[in-house]
Protein chains: 2
Amino acid sequence: MKDIAGRVGVSVKSVSRVVNGEPGVSPATAERILEVARELGFRRNDLARNLRQQDRTGTIGLVLRHSSTRFHDRLVQGIEDVAEHHGALVITAGSRTPERERATLLALSSRRLDGLLVVPIGADHSFLAAEQATGMPLVFVDRPPRHLAADAILADDHGGARAAVDHLVRGGHRRIAVIGAGADLHTVRERVRGYRSALRAAGVEPDERLVLLDREGRAAAEQAVTDLLAGAAPPTALFTTNNVSTIGATVALRRAGAERRVALVGFDDFELADLLDPPLTVVAHDIVEMGRRAAEQLFRRIDGDDAPARTDVLPTRLIPRGSGEIPA
Amino acid sequence: MKDIAGRVGVSVKSVSRVVNGEPGVSPATAERILEVARELGFRRNDLARNLRQQDRTGTIGLVLRHSSTRFHDRLVQGIEDVAEHHGALVITAGSRTPERERATLLALSSRRLDGLLVVPIGADHSFLAAEQATGMPLVFVDRPPRHLAADAILADDHGGARAAVDHLVRGGHRRIAVIGAGADLHTVRERVRGYRSALRAAGVEPDERLVLLDREGRAAAEQAVTDLLAGAAPPTALFTTNNVSTIGATVALRRAGAERRVALVGFDDFELADLLDPPLTVVAHDIVEMGRRAAEQLFRRIDGDDAPARTDVLPTRLIPRGSGEIPA
DNA sequence: ATGAAAGCGCTAACAG
DNA sequence: CTGTTAGCGCTTTCAT
């Protein structure tokens with residue numbers, strides 16, 4: 001700006017006014033300032049601007065693990081819908097490991113964004129208490145914070161799993177296995193809890209040999225199901241706790257020629273679930289809505305809402321497509 | 001820092017030194033400074049830091065349209081691999097429309113990131129010339145810039161499409177339709193060009209009634225193929241220019257009961273392509289590598305490389321799985 | 001309608 | 001080992 005001011009022969013303040021569309025500059029000088037700005041390829045330095053305007057940076061951060069699922073896609077869509085409405089930029093940064101998650105959160109916080117949305121993977125978020133204390137609003141999505149009081153928007157993992165397994169029980173199944181990744185994730189624990197409570201409600205004592213967690217990736221889930229089917233007392237139905245596991249299970253069933261004999265219900269819908277053979281029955285939830293709610297809550301916090309931390313739970317729904325309706 | 005300095009009774013510079021792990025502070029004072037810093041929940045303001053150190057912000061930006069494809073996922077993985085190695089943070093911002101793309105690019109540029117990676121969707125990037133002039137390195141990924149000289153890392157769209165259609169021709173096909181979205185995208189134009197050149201090389205004059213572009217989304221592709229199959233002179237094979245079109249075509253073929261009669265080769269591999277029935281033959285390229293190359297080129301530019309803009313083209317490969325080997 | 005001065009939080013450059 | 005001074009590029013405040 002100093003440069004422009006020098007060339008045009010005005011003060012930097014006048015340049016600032018013109019650049020920011022503030023009133024108080026005669027059209028003639030404004031015109032000359034704009035012209036020189038264009039000539040010089042001037043771009044306002046928002047680092048300096050944001051430093052001075054202690055108020056807001058007009059940017060919120062989203063920290064998650066990039067993935068190729070509908071979850072990623074839709075969540076971002078919901079968030080961007082709301083952010084656009086608030087005139088804010090959404091910046092996403094990856095968290096491939098708990099350490100990276102921590103580093104990323106601190107880095108974004110140091111950049112003084114207006115607020116952060118987090119789809120957490122770490123096991124301890126207490127280090128964020130200091131960020132909260134400096135007034136950085138934080139909203140957790142899909143999974144709650146651990147060792148930290150903060151807002152969270154979750155899906156009804158327990159209820160959804162319960163509904164899935166109830167559905168299988170109604171089909172006459174008693175030996176139902178659960179296959180999943182990341183036993184330690186809150187979502188997984190809740191889904192397994194729902195699985196157990198559905199079995200108990202049906203008077204079936206859960207068989208721990210049918211609970212296969214920590215099977216990371218499609219191949220691990222596939223192997224787990226293959227082993228299960230080859231075992232002494234194979235299950236007649238499967239419940240998978242996420243879409244990667246669902247796909248692995250699908251492959252295993254097909255390889256064993258059991259896809260029309262063993263029922264399968266998966267948590268999380270995914271593109272192509274209806275194209276498989278048989279089409280997959282899943283428990284789904286509205287992820288765009290989850291993103292919207294999270295962003296709305298974040299902007300409420302940014303706007304000064306200081307009510308105690310709250311958790312919102314969104315409903316799930318069962319989508320019967322074929323794989324879950326195979327009788328025992 | 002001023003706060004901490006006041007309480008401990010040292011200068012801000014000493015606090016700065018300790019906070020940044022610089023030498024020149026006695027362990028005793030360092031300890032006290034760290035203690036007070038923790039107490040106060042101090043977080044360095046990187047806005048101010050980056051403003052002062054004109055040099056680097058240690059952050060690169062990635063501007064693309066969030067999607068649930070392997071493309072997104074893998075590209076980010078490749079970029080993060082390289083960025084991590086350079087100690088840089090990768091920040092992603094969405095570009096849902098050309099206008100948003102423009103706004104996002106300018107916003108990130110104003111924040112003085114070290115460089116930007118762009119998977120472009122707009123039709124005119126000449127406005128970025130001013131950013132380049134201020135020394136902001138720019139690397140385009142998957143699609144080249146338009147009306148701007150900048151580095152680009154592309155896939156061999158023409159060659160890949162050519163290989164796909166050659167493959168179908170070798171299977172005896174002569175009536176081959178092409179279905180795709182976004183006729184205006186560089187990738188699509190190149191792929192269609194490859195389609196035409198393969199046909200001409202086989203002595204087949206392209207039939208314009210078999211060229212169905214601008215079919216946005218799965219449903220549109222599905223409808224296009226359904227109409228085609230019901231028409232007077234249906235094709236014996238299909239070439240689809242992206243994975244959404246491929247999926248739409250798959251659905252249409254299955255609905256028409258033609259999935260074992262009409263051959264299909266798609267551009268872009270996708271999760272589950274091998275699970276469909278018949279498994280899908282696709283033209284794939286290494287997207288992680290594309291991300292890596294793009295990030296490497298960006299860091300070269302950041303490190304001062306000022307050679308003329310260059311374009312790198314990555315090879316594609318045909319993965320025969322079944323759907324493309326159905327004879328005419 | 002315009003501008004001068006001060007300062008956002010930090011670090012570079014130079015003293016001591 | 002420690003501190004002082006100046007200034008990054010911008011906006012706020014207050015004059016004119």
# chains A, B, ... in the order shown; residues from 1 in each chain; ligands from 1
$ calpha_fit_and_write --fixed "chain B" --moving "chain A" --output "JSON list (two decimals) with C-alpha atoms, in the first residue's frame"
[["chain", "number", "residue", "atom", "x", "y", "z"],
["A", 1, "MET", "CA", 4.63, -12.74, 25.05],
["A", 2, "LYS", "CA", 4.53, -9.32, 26.63],
["A", 3, "ASP", "CA", 2.39, -10.81, 29.36],
["A", 4, "ILE", "CA", 4.82, -13.60, 30.07],
["A", 5, "ALA", "CA", 7.77, -11.21, 29.92],
["A", 6, "GLY", "CA", 6.07, -8.95, 32.43],
["A", 7, "ARG", "CA", 5.36, -11.74, 34.91],
["A", 8, "VAL", "CA", 8.77, -13.35, 34.68],
["A", 9, "GLY", "CA", 10.54, -10.02, 34.62],
["A", 10, "VAL", "CA", 12.45, -10.50, 31.37],
["A", 11, "SER", "CA", 12.20, -8.93, 27.92],
["A", 12, "VAL", "CA", 9.85, -10.19, 25.23],
["A", 13, "LYS", "CA", 12.87, -11.14, 23.21],
["A", 14, "SER", "CA", 13.90, -13.70, 25.83],
["A", 15, "VAL", "CA", 10.42, -15.15, 25.79],
["A", 16, "SER", "CA", 10.56, -15.29, 22.00],
["A", 17, "ARG", "CA", 13.87, -17.11, 22.17],
["A", 18, "VAL", "CA", 12.55, -19.72, 24.56],
["A", 19, "VAL", "CA", 9.27, -20.21, 22.72],
["A", 20, "ASN", "CA", 11.15, -20.82, 19.48],
["A", 21, "GLY", "CA", 13.85, -22.96, 21.00],
["A", 22, "GLU", "CA", 16.59, -20.48, 20.14],
["A", 23, "PRO", "CA", 19.77, -20.52, 22.21],
["A", 24, "GLY", "CA", 20.94, -17.68, 24.37],
["A", 25, "VAL", "CA", 18.78, -18.02, 27.44],
["A", 26, "SER", "CA", 19.97, -19.51, 30.69],
["A", 27, "PRO", "CA", 18.26, -22.76, 31.62],
["A", 28, "ALA", "CA", 16.91, -21.22, 34.78],
["A", 29, "THR", "CA", 15.05, -18.34, 33.10],
["A", 30, "ALA", "CA", 13.99, -20.58, 30.24],
["A", 31, "GLU", "CA", 12.37, -22.87, 32.77],
["A", 32, "ARG", "CA", 10.49, -20.03, 34.41],
["A", 33, "ILE", "CA", 9.34, -18.68, 31.08],
["A", 34, "LEU", "CA", 8.03, -22.05, 29.99],
["A", 35, "GLU", "CA", 6.24, -22.47, 33.26],
["A", 36, "VAL", "CA", 4.44, -19.15, 33.03],
["A", 37, "ALA", "CA", 3.68, -19.79, 29.36],
["A", 38, "ARG", "CA", 2.01, -23.05, 30.28],
["A", 39, "GLU", "CA", 0.15, -21.40, 33.11],
["A", 40, "LEU", "CA", -1.23, -18.72, 30.83],
["A", 41, "GLY", "CA", -2.04, -21.17, 28.05],
["A", 42, "PHE", "CA", 0.16, -19.14, 25.74],
["A", 43, "ARG", "CA", 0.07, -19.90, 22.02],
["A", 44, "ARG", "CA", 2.37, -18.10, 19.67],
["A", 45, "ASN", "CA", 0.45, -15.96, 17.17],
["A", 46, "ASP", "CA", 1.64, -17.20, 13.81],
["A", 47, "LEU", "CA", -0.16, -14.38, 12.06],
["A", 48, "ALA", "CA", 2.28, -11.94, 13.60],
["A", 49, "ARG", "CA", 5.19, -14.31, 13.21],
["A", 50, "ASN", "CA", 4.56, -14.87, 9.54],
["A", 51, "LEU", "CA", 4.02, -11.19, 8.96],
["A", 52, "ARG", "CA", 7.38, -10.35, 10.42],
["A", 53, "GLN", "CA", 9.35, -13.22, 8.90],
["A", 54, "GLN", "CA", 8.66, -12.24, 5.35],
["A", 55, "ASP", "CA", 10.26, -15.45, 4.34],
["A", 56, "ARG", "CA", 7.98, -18.47, 4.63],
["A", 57, "THR", "CA", 4.80, -19.55, 6.28],
["A", 58, "GLY", "CA", 5.56, -23.26, 6.01],
["A", 59, "THR", "CA", 2.15, -23.83, 4.47],
["A", 60, "ILE", "CA", 1.05, -24.79, 0.99],
["A", 61, "GLY", "CA", -2.50, -24.69, -0.27],
["A", 62, "LEU", "CA", -4.44, -27.23, -2.28],
["A", 63, "VAL", "CA", -7.53, -26.00, -4.08],
["A", 64, "LEU", "CA", -9.88, -28.63, -5.45],
["A", 65, "ARG", "CA", -13.40, -29.81, -5.40],
["A", 66, "HIS", "CA", -13.92, -32.24, -2.55],
["A", 67, "SER", "CA", -15.17, -35.57, -3.79],
["A", 68, "SER", "CA", -15.57, -39.10, -2.62],
["A", 69, "THR", "CA", -13.30, -40.58, -5.23],
["A", 70, "ARG", "CA", -9.99, -42.31, -4.95],
["A", 71, "PHE", "CA", -8.64, -39.34, -6.83],
["A", 72, "HIS", "CA", -9.12, -36.97, -3.93],
["A", 73, "ASP", "CA", -7.88, -39.40, -1.37],
["A", 74, "ARG", "CA", -4.76, -40.48, -3.21],
["A", 75, "LEU", "CA", -3.82, -37.08, -4.49],
["A", 76, "VAL", "CA", -3.84, -35.71, -0.97],
["A", 77, "GLN", "CA", -1.81, -38.66, 0.20],
["A", 78, "GLY", "CA", 0.89, -38.02, -2.38],
["A", 79, "ILE", "CA", 0.98, -34.32, -1.55],
["A", 80, "GLU", "CA", 1.07, -34.88, 2.20],
["A", 81, "ASP", "CA", 3.89, -37.41, 1.83],
["A", 82, "VAL", "CA", 6.08, -34.79, 0.20],
["A", 83, "ALA", "CA", 4.91, -31.86, 2.34],
["A", 84, "GLU", "CA", 5.64, -33.76, 5.53],
["A", 85, "HIS", "CA", 9.13, -34.33, 4.26],
["A", 86, "HIS", "CA", 9.49, -30.57, 3.79],
["A", 87, "GLY", "CA", 7.97, -29.81, 7.17],
["A", 88, "ALA", "CA", 5.06, -27.98, 5.57],
["A", 89, "LEU", "CA", 1.40, -27.95, 6.43],
["A", 90, "VAL", "CA", -1.05, -28.69, 3.62],
["A", 91, "ILE", "CA", -4.25, -26.70, 3.71],
["A", 92, "THR", "CA", -7.11, -27.68, 1.43],
["A", 93, "ALA", "CA", -9.89, -25.40, 0.35],
["A", 94, "GLY", "CA", -12.89, -26.22, -1.78],
["A", 95, "SER", "CA", -13.78, -24.97, -5.23],
["A", 96, "ARG", "CA", -17.30, -26.03, -5.97],
["A", 97, "THR", "CA", -17.80, -23.57, -8.80],
["A", 98, "PRO", "CA", -15.45, -21.48, -10.94],
["A", 99, "GLU", "CA", -16.42, -18.42, -8.89],
["A", 100, "ARG", "CA", -15.65, -20.16, -5.64],
["A", 101, "GLU", "CA", -12.42, -21.43, -7.11],
["A", 102, "ARG", "CA", -11.40, -17.90, -7.92],
["A", 103, "ALA", "CA", -12.39, -16.57, -4.51],
["A", 104, "THR", "CA", -10.60, -19.43, -2.77],
["A", 105, "LEU", "CA", -7.40, -18.99, -4.74],
["A", 106, "LEU", "CA", -7.32, -15.28, -4.05],
["A", 107, "ALA", "CA", -8.12, -15.80, -0.38],
["A", 108, "LEU", "CA", -5.31, -18.30, 0.08],
["A", 109, "SER", "CA", -2.94, -16.13, -1.87],
["A", 110, "SER", "CA", -3.78, -13.16, 0.35],
["A", 111, "ARG", "CA", -2.87, -15.29, 3.30],
["A", 112, "ARG", "CA", 0.61, -15.50, 1.92],
["A", 113, "LEU", "CA", 0.99, -19.26, 1.72],
["A", 114, "ASP", "CA", 4.27, -20.46, 0.26],
["A", 115, "GLY", "CA", 2.62, -21.93, -2.81],
["A", 116, "LEU", "CA", -0.59, -23.30, -4.24],
["A", 117, "LEU", "CA", -1.58, -26.55, -5.92],
["A", 118, "VAL", "CA", -4.72, -26.34, -8.02],
["A", 119, "VAL", "CA", -6.94, -28.96, -9.57],
["A", 120, "PRO", "CA", -8.66, -26.38, -11.74],
["A", 121, "ILE", "CA", -12.27, -26.21, -12.78],
["A", 122, "GLY", "CA", -12.47, -22.64, -14.08],
["A", 123, "ALA", "CA", -12.10, -21.66, -17.71],
["A", 124, "ASP", "CA", -9.79, -18.72, -17.24],
["A", 125, "HIS", "CA", -6.91, -18.49, -14.82],
["A", 126, "SER", "CA", -5.38, -15.31, -16.19],
["A", 127, "PHE", "CA", -6.28, -13.50, -12.96],
["A", 128, "LEU", "CA", -3.56, -15.56, -11.30],
["A", 129, "ALA", "CA", -0.84, -13.83, -13.28],
["A", 130, "ALA", "CA", -0.83, -11.11, -10.62],
["A", 131, "GLU", "CA", -0.33, -13.73, -7.90],
["A", 132, "GLN", "CA", 2.53, -15.27, -9.82],
["A", 133, "ALA", "CA", 4.08, -11.85, -10.23],
["A", 134, "THR", "CA", 4.14, -11.40, -6.46],
["A", 135, "GLY", "CA", 6.14, -14.62, -6.29],
["A", 136, "MET", "CA", 3.40, -17.10, -5.42],
["A", 137, "PRO", "CA", 4.33, -20.44, -7.00],
["A", 138, "LEU", "CA", 1.45, -22.24, -8.64],
["A", 139, "VAL", "CA", 1.28, -25.84, -9.86],
["A", 140, "PHE", "CA", -1.75, -27.22, -11.68],
["A", 141, "VAL", "CA", -2.73, -30.83, -11.24],
["A", 142, "ASP", "CA", -4.71, -33.16, -13.52],
["A", 143, "ARG", "CA", -5.80, -30.30, -15.76],
["A", 144, "PRO", "CA", -3.68, -27.50, -17.21],
["A", 145, "PRO", "CA", -4.18, -23.79, -16.54],
["A", 146, "ARG", "CA", -6.08, -21.80, -19.11],
["A", 147, "HIS", "CA", -4.72, -18.47, -20.31],
["A", 148, "LEU", "CA", -1.83, -18.68, -17.88],
["A", 149, "ALA", "CA", 1.69, -20.04, -18.02],
["A", 150, "ALA", "CA", 2.22, -22.32, -15.05],
["A", 151, "ASP", "CA", 3.52, -25.77, -14.22],
["A", 152, "ALA", "CA", 1.16, -28.68, -14.69],
["A", 153, "ILE", "CA", 1.24, -32.36, -13.83],
["A", 154, "LEU", "CA", -1.18, -34.25, -16.03],
["A", 155, "ALA", "CA", -2.12, -37.80, -16.89],
["A", 156, "ASP", "CA", -1.81, -39.05, -20.42],
["A", 157, "ASP", "CA", -5.51, -38.62, -21.12],
["A", 158, "HIS", "CA", -5.18, -38.89, -24.84],
["A", 159, "GLY", "CA", -2.96, -41.96, -24.75],
["A", 160, "GLY", "CA", -5.08, -43.67, -22.11],
["A", 161, "ALA", "CA", -8.29, -43.16, -24.05],
["A", 162, "ARG", "CA", -6.57, -44.27, -27.20],
["A", 163, "ALA", "CA", -5.44, -47.47, -25.46],
["A", 164, "ALA", "CA", -8.94, -48.11, -24.11],
["A", 165, "VAL", "CA", -10.61, -47.79, -27.48],
["A", 166, "ASP", "CA", -7.83, -49.70, -29.25],
["A", 167, "HIS", "CA", -8.54, -52.49, -26.80],
["A", 168, "LEU", "CA", -12.23, -52.50, -27.73],
["A", 169, "VAL", "CA", -11.37, -52.39, -31.42],
["A", 170, "ARG", "CA", -9.14, -55.42, -30.98],
["A", 171, "GLY", "CA", -12.19, -57.16, -29.48],
["A", 172, "GLY", "CA", -13.89, -56.65, -32.82],
["A", 173, "HIS", "CA", -15.96, -53.61, -31.88],
["A", 174, "ARG", "CA", -16.73, -50.96, -34.46],
["A", 175, "ARG", "CA", -19.74, -49.20, -32.97],
["A", 176, "ILE", "CA", -18.25, -47.75, -29.81],
["A", 177, "ALA", "CA", -20.00, -44.99, -27.91],
["A", 178, "VAL", "CA", -18.34, -42.52, -25.57],
["A", 179, "ILE", "CA", -20.23, -41.21, -22.54],
["A", 180, "GLY", "CA", -18.87, -38.47, -20.32],
["A", 181, "ALA", "CA", -19.44, -35.46, -18.13],
["A", 182, "GLY", "CA", -18.21, -31.89, -18.59],
["A", 183, "ALA", "CA", -17.41, -31.65, -22.29],
["A", 184, "ASP", "CA", -15.47, -28.51, -21.60],
["A", 185, "LEU", "CA", -12.88, -29.97, -19.23],
["A", 186, "HIS", "CA", -9.44, -30.45, -20.67],
["A", 187, "THR", "CA", -9.28, -34.05, -19.48],
["A", 188, "VAL", "CA", -12.56, -34.87, -21.19],
["A", 189, "ARG", "CA", -11.60, -33.19, -24.43],
["A", 190, "GLU", "CA", -8.33, -35.09, -24.51],
["A", 191, "ARG", "CA", -10.01, -38.39, -23.76],
["A", 192, "VAL", "CA", -12.54, -37.84, -26.51],
["A", 193, "ARG", "CA", -9.71, -36.93, -28.85],
["A", 194, "GLY", "CA", -8.03, -40.22, -27.98],
["A", 195, "TYR", "CA", -11.31, -42.02, -28.64],
["A", 196, "ARG", "CA", -11.58, -40.45, -32.08],
["A", 197, "SER", "CA", -8.01, -41.14, -33.05],
["A", 198, "ALA", "CA", -8.33, -44.80, -32.08],
["A", 199, "LEU", "CA", -11.43, -45.14, -34.23],
["A", 200, "ARG", "CA", -9.80, -43.41, -37.19],
["A", 201, "ALA", "CA", -6.73, -45.60, -36.83],
["A", 202, "ALA", "CA", -9.08, -48.57, -37.13],
["A", 203, "GLY", "CA", -10.63, -47.10, -40.23],
["A", 204, "VAL", "CA", -13.91, -46.29, -38.49],
["A", 205, "GLU", "CA", -15.44, -42.88, -39.12],
["A", 206, "PRO", "CA", -16.67, -41.59, -35.71],
["A", 207, "ASP", "CA", -20.45, -41.50, -35.54],
["A", 208, "GLU", "CA", -21.43, -38.31, -33.73],
["A", 209, "ARG", "CA", -24.63, -39.91, -32.45],
["A", 210, "LEU", "CA", -22.39, -42.11, -30.33],
["A", 211, "VAL", "CA", -20.65, -39.19, -28.65],
["A", 212, "LEU", "CA", -22.62, -38.27, -25.53],
["A", 213, "LEU", "CA", -20.93, -35.64, -23.42],
["A", 214, "ASP", "CA", -22.06, -33.21, -20.75],
["A", 215, "ARG", "CA", -23.92, -36.00, -19.00],
["A", 216, "GLU", "CA", -23.41, -34.81, -15.43],
["A", 217, "GLY", "CA", -23.82, -37.38, -12.71],
["A", 218, "ARG", "CA", -24.58, -41.02, -12.50],
["A", 219, "ALA", "CA", -28.26, -40.68, -13.46],
["A", 220, "ALA", "CA", -27.54, -38.68, -16.62],
["A", 221, "ALA", "CA", -25.00, -41.24, -17.81],
["A", 222, "GLU", "CA", -27.44, -44.01, -17.04],
["A", 223, "GLN", "CA", -30.16, -42.33, -19.07],
["A", 224, "ALA", "CA", -27.82, -41.70, -21.97],
["A", 225, "VAL", "CA", -26.82, -45.35, -22.17],
["A", 226, "THR", "CA", -30.39, -46.54, -21.76],
["A", 227, "ASP", "CA", -31.47, -44.36, -24.68],
["A", 228, "LEU", "CA", -28.55, -45.53, -26.74],
["A", 229, "LEU", "CA", -29.36, -49.20, -26.20],
["A", 230, "ALA", "CA", -33.00, -48.64, -27.09],
["A", 231, "GLY", "CA", -32.07, -46.72, -30.24],
["A", 232, "ALA", "CA", -32.03, -47.84, -33.83],
["A", 233, "ALA", "CA", -28.35, -48.72, -34.11],
["A", 234, "PRO", "CA", -27.07, -49.44, -30.61],
["A", 235, "PRO", "CA", -23.33, -49.63, -29.92],
["A", 236, "THR", "CA", -21.63, -52.91, -29.09],
["A", 237, "ALA", "CA", -19.18, -51.24, -26.73],
["A", 238, "LEU", "CA", -18.93, -48.20, -24.45],
["A", 239, "PHE", "CA", -16.06, -46.01, -23.38],
["A", 240, "THR", "CA", -16.78, -43.80, -20.36],
["A", 241, "THR", "CA", -14.59, -40.83, -19.60],
["A", 242, "ASN", "CA", -14.76, -40.83, -15.81],
["A", 243, "ASN", "CA", -15.85, -43.06, -13.01],
["A", 244, "VAL", "CA", -19.23, -41.51, -12.36],
["A", 245, "SER", "CA", -20.13, -42.08, -16.00],
["A", 246, "THR", "CA", -18.76, -45.60, -15.75],
["A", 247, "ILE", "CA", -21.04, -46.36, -12.85],
["A", 248, "GLY", "CA", -24.05, -44.86, -14.60],
["A", 249, "ALA", "CA", -23.29, -46.95, -17.67],
["A", 250, "THR", "CA", -22.94, -50.06, -15.54],
["A", 251, "VAL", "CA", -26.38, -49.51, -14.05],
["A", 252, "ALA", "CA", -27.94, -48.94, -17.47],
["A", 253, "LEU", "CA", -26.34, -52.06, -18.92],
["A", 254, "ARG", "CA", -27.55, -54.15, -16.05],
["A", 255, "ARG", "CA", -31.06, -52.75, -16.21],
["A", 256, "ALA", "CA", -31.15, -53.59, -19.90],
["A", 257, "GLY", "CA", -29.74, -57.05, -19.18],
["A", 258, "ALA", "CA", -26.89, -56.16, -21.52],
["A", 259, "GLU", "CA", -23.93, -56.32, -19.15],
["A", 260, "ARG", "CA", -22.58, -59.50, -20.72],
["A", 261, "ARG", "CA", -23.27, -58.42, -24.26],
["A", 262, "VAL", "CA", -22.03, -54.85, -24.44],
["A", 263, "ALA", "CA", -18.38, -54.22, -23.62],
["A", 264, "LEU", "CA", -17.35, -51.36, -21.31],
["A", 265, "VAL", "CA", -14.03, -49.71, -20.57],
["A", 266, "GLY", "CA", -13.92, -46.76, -18.19],
["A", 267, "PHE", "CA", -11.35, -44.06, -17.58],
["A", 268, "ASP", "CA", -10.25, -43.87, -13.94],
["A", 269, "ASP", "CA", -10.14, -46.81, -11.61],
["A", 270, "PHE", "CA", -12.34, -46.85, -8.54],
["A", 271, "GLU", "CA", -12.88, -48.79, -5.41],
["A", 272, "LEU", "CA", -15.21, -51.71, -6.09],
["A", 273, "ALA", "CA", -14.56, -51.77, -9.84],
["A", 274, "ASP", "CA", -13.37, -55.34, -9.34],
["A", 275, "LEU", "CA", -16.45, -56.30, -7.33],
["A", 276, "LEU", "CA", -19.02, -55.54, -9.98],
["A", 277, "ASP", "CA", -20.36, -58.18, -12.30],
["A", 278, "PRO", "CA", -18.67, -58.39, -14.73],
["A", 279, "PRO", "CA", -15.63, -56.75, -13.12],
["A", 280, "LEU", "CA", -14.80, -53.49, -14.82],
["A", 281, "THR", "CA", -11.95, -52.97, -17.22],
["A", 282, "VAL", "CA", -10.49, -49.53, -16.68],
["A", 283, "VAL", "CA", -7.71, -47.18, -17.68],
["A", 284, "ALA", "CA", -5.92, -46.13, -14.52],
["A", 285, "HIS", "CA", -3.07, -43.89, -13.53],
["A", 286, "ASP", "CA", -1.01, -43.50, -10.41],
["A", 287, "ILE", "CA", -2.64, -40.64, -8.57],
["A", 288, "VAL", "CA", -0.44, -40.78, -5.47],
["A", 289, "GLU", "CA", 2.49, -40.28, -7.80],
["A", 290, "MET", "CA", 0.70, -37.37, -9.44],
["A", 291, "GLY", "CA", 0.30, -35.72, -6.05],
["A", 292, "ARG", "CA", 3.93, -36.36, -5.18],
["A", 293, "ARG", "CA", 5.21, -34.94, -8.44],
["A", 294, "ALA", "CA", 3.03, -31.87, -8.12],
["A", 295, "ALA", "CA", 4.18, -31.20, -4.57],
["A", 296, "GLU", "CA", 7.81, -31.78, -5.51],
["A", 297, "GLN", "CA", 7.56, -29.32, -8.34],
["A", 298, "LEU", "CA", 5.88, -26.81, -6.05],
["A", 299, "PHE", "CA", 8.65, -27.07, -3.47],
["A", 300, "ARG", "CA", 11.24, -26.66, -6.19],
["A", 301, "ARG", "CA", 9.53, -23.41, -7.16],
["A", 302, "ILE", "CA", 9.32, -22.34, -3.54],
["A", 303, "ASP", "CA", 13.04, -23.01, -3.26],
["A", 304, "GLY", "CA", 13.66, -20.54, -6.06],
["A", 305, "ASP", "CA", 13.60, -22.60, -9.25],
["A", 306, "ASP", "CA", 12.58, -20.13, -11.92],
["A", 307, "ALA", "CA", 12.87, -22.20, -15.07],
["A", 308, "PRO", "CA", 10.07, -21.73, -17.61],
["A", 309, "ALA", "CA", 6.75, -23.41, -16.81],
["A", 310, "ARG", "CA", 6.75, -27.09, -17.62],
["A", 311, "THR", "CA", 4.15, -29.79, -18.06],
["A", 312, "ASP", "CA", 4.72, -33.35, -16.88],
["A", 313, "VAL", "CA", 2.60, -36.14, -18.26],
["A", 314, "LEU", "CA", 2.18, -39.38, -16.33],
["A", 315, "PRO", "CA", 1.49, -42.67, -18.08],
["A", 316, "THR", "CA", -1.77, -44.59, -17.83],
["A", 317, "ARG", "CA", -2.32, -48.30, -17.92],
["A", 318, "LEU", "CA", -5.17, -50.51, -19.00],
["A", 319, "ILE", "CA", -6.44, -52.99, -16.40],
["A", 320, "PRO", "CA", -8.47, -55.74, -18.09],
["A", 321, "ARG", "CA", -10.97, -57.24, -15.66],
["A", 322, "GLY", "CA", -13.77, -58.59, -17.80],
["A", 323, "SER", "CA", -16.15, -55.87, -18.93],
["A", 324, "GLY", "CA", -13.80, -54.70, -21.63],
["A", 325, "GLU", "CA", -13.09, -58.16, -23.03],
["A", 326, "ILE", "CA", -16.61, -58.96, -24.18],
["A", 327, "PRO", "CA", -16.32, -59.54, -27.95],
["A", 328, "ALA", "CA", -18.45, -57.70, -30.49]]
$ interface_residues --of "chain C" --to "chain B" --cutoff "12 Å" --atoms "only C-alpha atoms (C1' of nucleotides)" --output "list in words"
DC8, DG9, DC10, DT11 and DA12 of chain C
$ atom_distance --atom1 "C1' of DA4 in chain C" --atom2 "C1' of DT12 in chain D"
12.2 Å
$ select_by_dssp --residues "range 108-251 of chain A" --states "strand (DSSP E)" --output "PyMOL selection string"
chain A and resi 115-118+138-141+151-155+176-179+211-212+237-240
$ closest_atom_pairs --of "chain D" --to "chain B" --cutoff "12 Å" --atoms "only C-alpha atoms (C1' of nucleotides)" --output "CSV"
residue,atom,partner,partner_atom,distance
D:DC1,C1',B:Gly24,CA,5.6
D:DT2,C1',B:Ser14,CA,7.2
D:DG3,C1',B:Ser11,CA,6.3
D:DT4,C1',B:Ser11,CA,9.3
D:DT5,C1',B:Lys13,CA,11.7
D:DA6,C1',B:Arg52,CA,11.8
D:DG7,C1',B:Arg52,CA,8.3
D:DC8,C1',B:Arg52,CA,4.4
D:DG9,C1',B:Leu51,CA,7.8
D:DC10,C1',B:Leu51,CA,10.3
